[in-house]
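Participant: My questions all concern the structure below.
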Protein chains: 2
Amino acid sequence: MPSYIAPVKDMQFLLHDVLKVSAADIPGYGDLDRGFTGAVLEEAGKVASDILTPLNAVGDREGCVLENGVVRTPAGFKAAFDTLRAGGWMALDAPEDFGGQGLPYLMHTVVNETFVSANMAFNMYQGLTHGAVSAILAHGTEDQKARWLPKMVSCEWTGTMNLTEPHCGTDLGMMRTKADPQADGSYKITGQKIFISAGDHDLAENIVHLVLAKAPGGGEGTKGISLFIVPKVLVNDDGSLGAPNALSCGKIEDKMGIHGNATCVMNYDGATGWLLGDLHKGMRAMFTMMNEARLGVGLQGYAVAEAAYQNALAYAKDRLQGRDVTGAKNPDGPADPLIVHPDIRRNLMEQKSFVEGARAFTFWGATLIDRHVRMEDAAADGLVGLMTPVLKGFLTDKGFEMAVQAQQVFGGHGYIEEWGMSQFARDARIAMIYEGANGVQALDLVGRKLASDGGKHVVAFFDMVKAEVKAHEGDPRMAGFAEPLKAASKQLQAAGMYFMANGMKNPNAALAGSYDFMHLMGHVCLGLMWTRMAKAAHVALDEGAADRSFYETKIATGRFYMARQLPACGMHLARIETGADPVMALAVEAF
Amino acid sequence: MPSYIAPVKDMQFLLHDVLKVSAADIPGYGDLDRGFTGAVLEEAGKVASDILTPLNAVGDREGCVLENGVVRTPAGFKAAFDTLRAGGWMALDAPEDFGGQGLPYLMHTVVNETFVSANMAFNMYQGLTHGAVSAILAHGTEDQKARWLPKMVSCEWTGTMNLTEPHCGTDLGMMRTKADPQADGSYKITGQKIFISAGDHDLAENIVHLVLAKAPGGGEGTKGISLFIVPKVLVNDDGSLGAPNALSCGKIEDKMGIHGNATCVMNYDGATGWLLGDLHKGMRAMFTMMNEARLGVGLQGYAVAEAAYQNALAYAKDRLQGRDVTGAKNPDGPADPLIVHPDIRRNLMEQKSFVEGARAFTFWGATLIDRHVRMEDAAADGLVGLMTPVLKGFLTDKGFEMAVQAQQVFGGHGYIEEWGMSQFARDARIAMIYEGANGVQALDLVGRKLASDGGKHVVAFFDMVKAEVKAHEGDPRMAGFAEPLKAASKQLQAAGMYFMANGMKNPNAALAGSYDFMHLMGHVCLGLMWTRMAKAAHVALDEGAADRSFYETKIATGRFYMARQLPACGMHLARIETGADPVMALAVEAF
């Protein structure tokens, strides 16, 4: 069975050597000193290793069961959920007014990584709740906040997001779920929603569904959509639970992975709901939470890859097979460990350099969200908006690819469910799909984000990369970072120029290259992160850090990424510059 | 539920327009005229669509069950197996002396593709038998052939290959299974084998296991290994079935995919076996079948991708979601079909251009095997030996990637088992692992095949590519093919030069780039295939072919591959040229 140890040292390096959080000018960051974050992460790591990891295979094997209208989660989930609730782990970054600990979103993100690595399906029950809390915080009335948030922050009640219907996922304008206004100001919600993660379960006494539906008078398409709070059990004015609402779980989907999470068909049969935010502005309300939600899914991509990597590494050190071609490394044994073989090394280094780069990228993204939320910094908001499709699309594509590579290290054993490597690949697969399929992320990036606010955010990003490159000019120790980063960012700029020059005449000339652009930009972002990490490691070494090996390893891992992974940028640019013609050449009938 | 239609038109194009089989100088090819192959393929296609396709999901859902020592295959498998046996489908290329039809291996390959596309797990029962028949044909005595082959050719008895043990897969020198010689010339086989596909089942009355084991006196490592025939049920001298042999299925593995095939732990407890081929030459005997077996696995890679692609395409045409940015294509409907979107097109074109290129590559590989087997053409044998790791490694990596992309077209529905797209991805995954994991293929290519026979096969391949490029010089219609092919083959040569210049001093400098080399060479091979296909399509158009649209589509699909996929070659070369240092920089303890 796979094991997992939280990478606390690496997290601490990012928080303190790279991001220097306790010196940052973001409110609340001053308290995040090394001792505090270290203590939180050690504890979170224990929860992840001791409580969540052992339940990961259980959840995969047992799945969730709908029986007599009741959804049962896998054995052990309820006790674990209670333990995490009691430990306050589900309320780290919620406001203290509602029972949270008021920590920055960054701290939620760091802790969340360890929980996702340990058990992605389990963690989604509180992950969805976190999203619903954010929505009510952003759009709820004071009454709504007082009524719903305290129990949701503590995860006594959990939350969900209801968007998709059988005939529409991406294109929500076609939505059919209706909201009929009632005399008392409430609405009757009627319709069917599908793919509702954590839609029903036995972990909490109530579930607060946030449901997109069409209320009369809003017009066609997405304009008519509003967001509603629709609880599983109605709540009396004194806060006690009342009658069950007119909604039910119609089915639990049989999925490729994340079996431990109940993905439900939800039927609303005139269920009572209350408007959240402005009437007919439901899409906008959803969008305000999108950066957080998508960053959280990007995190799932690399967090599962981290767990898969740890197990692949252990296997590569342990499994004896073949001999090092340059001379036996385990001459007294029957064979050398797998890790002596260069292609196994290549595989492991690809995993390691991706995961560490992705972690840096995600933590940095979380600081931008904090900067926006805690300081109303519009530039940070614009920048994280630009990064969001890359965080989500690139990190989940690569995270899945790396989980598959980790599985490959195990040879035939990787294909056998008992070893657990298949589960990592199957679980990671969903992150490429939900919260906006990755093709939609690429469309969002190229069709919307590049040009938003007159293109100023992408210009700011290029300036940031340029400044980073310039800062290391003439430093021979940083040449292996600054030079490839400069080359890659020029390729990214060239791709952007190609879109500007051709996309106006023919939008397809840009959109045909959108997926390649998302990956090209992903590599530039990770190249930027690796440059920053390498610099921070050199500084630590110069300052006489005790654990020299950690910092030297960091630099060597970064060199691998720059040398071996950034060459993908040239390929993506070459593809982009072929424009729309090769992609769009065939008539539909010719396929 | 997914559907599948055999791509007969494309197969006929390859056989007759590209490979011109009936005019080829290979014995037996003269009979393969358009009418004959068309009739065979239409019939095979019906079997695939009507009998095998509906059982694909059944096999995935039910899996195989071991109960009271008996293995039960999924409902419907036995009847389907009987139908295929009765139709003679399992004996197409076996010698007529043993009840086969004596057709070329190429025809087996083409028919096999449709069966694998329709139901990979089912087809493995006869696929393993085909391999065992080849082994007995190549290494059996006349008595052995007479005793075993007639029933195996007809699939009344099926076959297996037993190589892997719990502690060794790739490194067979560590094998522990023992063969004790008996006074009557037989051996007692004792040991445990794992991952035995089709190891036990209820489809045939006997199973002929080919088992690698160590007989006394052979020395250490792989030198001591011999190959044995070990039947499930002993066979009397009159050919009737006798007593059960001392072997049993200990367990059926719970796998990520190919659930319909019983992957068994096989226990040999002093089972009676007979030496096949020379004593202590078992590894060599296995190697003689390796090209065929690995080509067959490469075929699985693209054949599953073909089935996934057909369903992704149908969904993309059917599912309405969003609007064409250049103007609505379905203005009277609520939305346009997915296929209007450039990124969906990119995805579909990647699938289509890969599958068609892979099919051409595989069929060509099969002609080389026929040329070797039927004409004792050593050059063809050397060339297919060089191509084998590319056929296996590149086509299965890309086949899986494309199955995952096909799944992606379905959005959330792709993750739900009911839709069948997850199964394609899960089934395709194994082909990257078994019959030599793809990292081992890369090692075989770079560490052995490139230099074999003084490098003359790779030189012959480069000359072949050069001649192809030269043949199209000055033909503007072929510029989009010949020029990228020339550039890509130069990159491949540069990678080979890098290995020559650096690999002698440090083998790791070559091996660290082996995986990239395998992919680089795969793209060059598919580029070569697309160049040949484009030329053949132009010839057909010039000659006034009736179905102009088919040939024009072929050329446009090839242009996509050349323009959008060959740029990967530059990336692979750049990675290769970074050598061993980035890959091998870390000490084992530093990971």
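In the structure tokens, chains take letters A, B, ... by order of appearance, with residues numbered from 1 within each chain and ligands from 1 in the order shown.
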Among range 289-425 of chain B, which ones does DSSP assign to alpha helix (DSSP H) (computed from the backbone)? Answer as a VMD selection string.
Facilitator: chain B and resid 290 to 318 342 to 375 378 to 409 421 to 425
Participant: Residues within 12 Å of Ala379 in chain A, please, as a count of residues only. Count only C-alpha atoms; anything in the same chain fewer than 5 positions from it doesn't count.
Facilitator: 15
Participant: Mind running chain B against chain A at 6 Å and telling me each contacting residue's nearest atom pair with the distance in Å (one decimal), counting only C-alpha atoms, chain and number ascending, as a Markdown table?
Facilitator:
| residue | atom | partner | partner_atom | distance |
| --- | --- | --- | --- | --- |
| B:Asp171 | CA | A:Gln321 | CA | 5.4 |
| B:Asp254 | CA | A:Glu417 | CA | 5.7 |
| B:Lys255 | CA | A:Ile416 | CA | 4.4 |
| B:Met256 | CA | A:Tyr415 | CA | 5.6 |
| B:Gln321 | CA | A:Asp171 | CA | 5.4 |
| B:Gly322 | CA | A:Asp171 | CA | 5.5 |
| B:Pro342 | CA | A:Ala512 | CA | 4.9 |
| B:Asp343 | CA | A:Ala512 | CA | 5.6 |
| B:Arg346 | CA | A:Val583 | CA | 5.4 |
| B:Gly411 | CA | A:Ile433 | CA | 5.8 |
| B:Tyr415 | CA | A:Met256 | CA | 5.6 |
| B:Ile416 | CA | A:Lys255 | CA | 4.4 |
| B:Glu417 | CA | A:Lys255 | CA | 5.3 |
| B:Ile433 | CA | A:Gly411 | CA | 5.8 |
| B:Leu511 | CA | A:Pro342 | CA | 5.9 |
| B:Ala512 | CA | A:Pro342 | CA | 4.9 |
| B:Phe560 | CA | A:Pro582 | CA | 4.8 |
| B:Arg564 | CA | A:Arg575 | CA | 5.1 |
| B:Pro567 | CA | A:Met571 | CA | 5.2 |
| B:Ala568 | CA | A:Met571 | CA | 5.6 |
| B:Met571 | CA | A:Pro567 | CA | 5.2 |
| B:Arg575 | CA | A:Arg564 | CA | 5.1 |
| B:Pro582 | CA | A:Phe560 | CA | 4.8 |
| B:Val583 | CA | A:Arg346 | CA | 5.5 |
Participant: In Å, with one decimal, what is the gap from CA of Ala293 in chain A to CA of Gly159 in chain A?
Facilitator: 13.4 Å
Participant: Between B:Gly544, B:Gly102, B:Gly63, B:Pro231, single out the one closest to Ala243 in chain B, counting only C-alpha atoms.
Facilitator: B:Pro231
Participant: Do you have the CA of Tyr187 in chain A-CA of Gly273 in chain A distance handy?
Facilitator: 5.1 Å
Participant: Could you state the separation of CA of Met500 in chain A and CA of Asp463 in chain A in Å, given to one decimal place?
Facilitator: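 That distance, rounded to one decimal, is 18.3 Å.
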Participant: So that I can check the surroundings of Asp202 in chain B, please list as a list in words every protein, DNA and RNA residue that reaches within 7 Å of it, counting only C-alpha atoms and ignoring chain neighbours fewer than 2 positions away.
Facilitator: Val71, Arg72, Thr73 and Ala204 of chain B
Participant: With N, CA and C atoms retained, export the selected residues as a PDB file, in the first residue's frame.
Facilitator:
ATOM      1  N   VAL B  71     -11.558 -20.763 -13.417  1.00  0.00           N
ATOM      2  CA  VAL B  71     -11.639 -19.368 -13.855  1.00  0.00           C
ATOM      3  C   VAL B  71     -12.792 -19.205 -14.832  1.00  0.00           C
ATOM      4  N   ARG B  72     -13.654 -18.271 -14.507  1.00  0.00           N
ATOM      5  CA  ARG B  72     -14.810 -17.986 -15.363  1.00  0.00           C
ATOM      6  C   ARG B  72     -14.607 -16.657 -16.066  1.00  0.00           C
ATOM      7  N   THR B  73     -14.709 -16.668 -17.396  1.00  0.00           N
ATOM      8  CA  THR B  73     -14.611 -15.426 -18.164  1.00  0.00           C
ATOM      9  C   THR B  73     -15.976 -14.736 -18.181  1.00  0.00           C
ATOM     10  N   ALA B 204     -11.420 -22.822 -23.516  1.00  0.00           N
ATOM     11  CA  ALA B 204     -10.809 -23.914 -24.282  1.00  0.00           C
ATOM     12  C   ALA B 204     -10.617 -25.100 -23.354  1.00  0.00           C
TER      13      ALA B 204
END
Participant: Determine, counting only C-alpha atoms, which protein, DNA and RNA residues have an atom within 9 Å of an atom of range 38-50 of chain A; residues of the same chain fewer than 4 positions away are not included. Present the result as a PyMOL selection string.
Facilitator: chain A and resi 3-9+11-12+33-34+54+84+89+107+110-112+114-119
Participant: Kindly indicate which residue among B:Asn291, B:Gln300, B:Gln405, B:Gln491 lies nearest to Arg359 in chain B, using only C-alpha atoms for the distances.
Facilitator: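 Of B:Asn291, B:Gln300, B:Gln405, B:Gln491, the one nearest Arg359 in chain B, counting only C-alpha atoms, is B:Gln300.
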Participant: Range 285-290 of chain B: which residues within 8 Å, counting only C-alpha atoms, same-chain residues fewer than 6 positions away excluded, as a short mmCIF file (atom, residue, chain, number, x, y, z; two decimals) with all heavy atoms, in the first residue's frame?
Facilitator:
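Output file around.cif follows:
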data_model
loop_
_atom_site.label_atom_id
_atom_site.label_comp_id
_atom_site.auth_asym_id
_atom_site.auth_seq_id
_atom_site.Cartn_x
_atom_site.Cartn_y
_atom_site.Cartn_z
N GLY B 131 1.08 -16.34 -30.41
CA GLY B 131 2.50 -16.28 -30.04
C GLY B 131 3.07 -17.65 -29.70
O GLY B 131 4.19 -17.98 -30.11
N SER B 134 3.62 -19.63 -32.83
CA SER B 134 4.85 -19.19 -33.50
C SER B 134 6.08 -19.80 -32.85
O SER B 134 7.03 -20.22 -33.53
CB SER B 134 4.96 -17.67 -33.46
OG SER B 134 3.92 -17.07 -34.19
N ALA B 135 6.07 -19.88 -31.51
CA ALA B 135 7.22 -20.43 -30.80
C ALA B 135 7.41 -21.91 -31.11
O ALA B 135 8.52 -22.38 -31.33
CB ALA B 135 7.05 -20.22 -29.30
N HIS B 139 10.59 -23.58 -32.97
CA HIS B 139 11.54 -24.33 -32.14
C HIS B 139 11.13 -25.77 -31.85
O HIS B 139 11.91 -26.51 -31.27
CB HIS B 139 11.77 -23.59 -30.82
CG HIS B 139 12.26 -22.21 -31.02
ND1 HIS B 139 13.54 -21.93 -31.46
CD2 HIS B 139 11.64 -21.01 -30.89
CE1 HIS B 139 13.69 -20.62 -31.57
NE2 HIS B 139 12.56 -20.04 -31.24
N LEU B 227 13.22 -23.16 -22.31
CA LEU B 227 11.79 -22.96 -22.54
C LEU B 227 11.10 -24.33 -22.55
O LEU B 227 11.61 -25.28 -23.14
CB LEU B 227 11.61 -22.25 -23.89
CG LEU B 227 10.20 -21.83 -24.31
CD1 LEU B 227 9.55 -20.89 -23.31
CD2 LEU B 227 10.25 -21.15 -25.69
N GLY B 277 12.87 -26.39 -28.04
CA GLY B 277 14.12 -25.81 -28.53
C GLY B 277 15.29 -26.36 -27.74
O GLY B 277 15.18 -27.37 -27.04
#
Participant: Let me make sure I understand: among A:Gly399, A:Lys490, A:Gly185, A:Glu205, which one has the smallest atom-to-atom distance to Val524 in chain A if we use only C-alpha atoms?
Facilitator: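 Using only C-alpha atoms, Val524 in chain A sits closest to A:Lys490.
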Participant: Of the residues B:Val153, B:Ala495, B:Met518, B:Leu128, which is the one nearest to Asp93 in chain B, using only C-alpha atoms?
Facilitator: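 Residue with the minimum atom-to-atom distance to Asp93 in chain B: B:Val153.
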Participant: Which residues are near Glu142 in chain B? Cut-off 12 Å, only C-alpha atoms, ignore same chain within fewer than 6 positions. Put them as a PyMOL selection string.
Facilitator: chain B and resi 97-98+136+148-149+276-277
Participant: Create the file for the chosen residues now, containing C-alpha atoms and written as a CSV table (one decimal), in the first residue's frame.
Facilitator:
chain,number,residue,atom,x,y,z
B,97,ASP,CA,-0.4,-28.3,-42.6
B,98,PHE,CA,-1.7,-27.6,-39.2
B,136,ILE,CA,6.4,-24.1,-31.4
B,148,TRP,CA,0.3,-29.4,-30.2
B,149,LEU,CA,-0.2,-27.3,-33.2
B,276,LEU,CA,11.0,-26.6,-26.5
B,277,GLY,CA,14.1,-25.8,-28.5
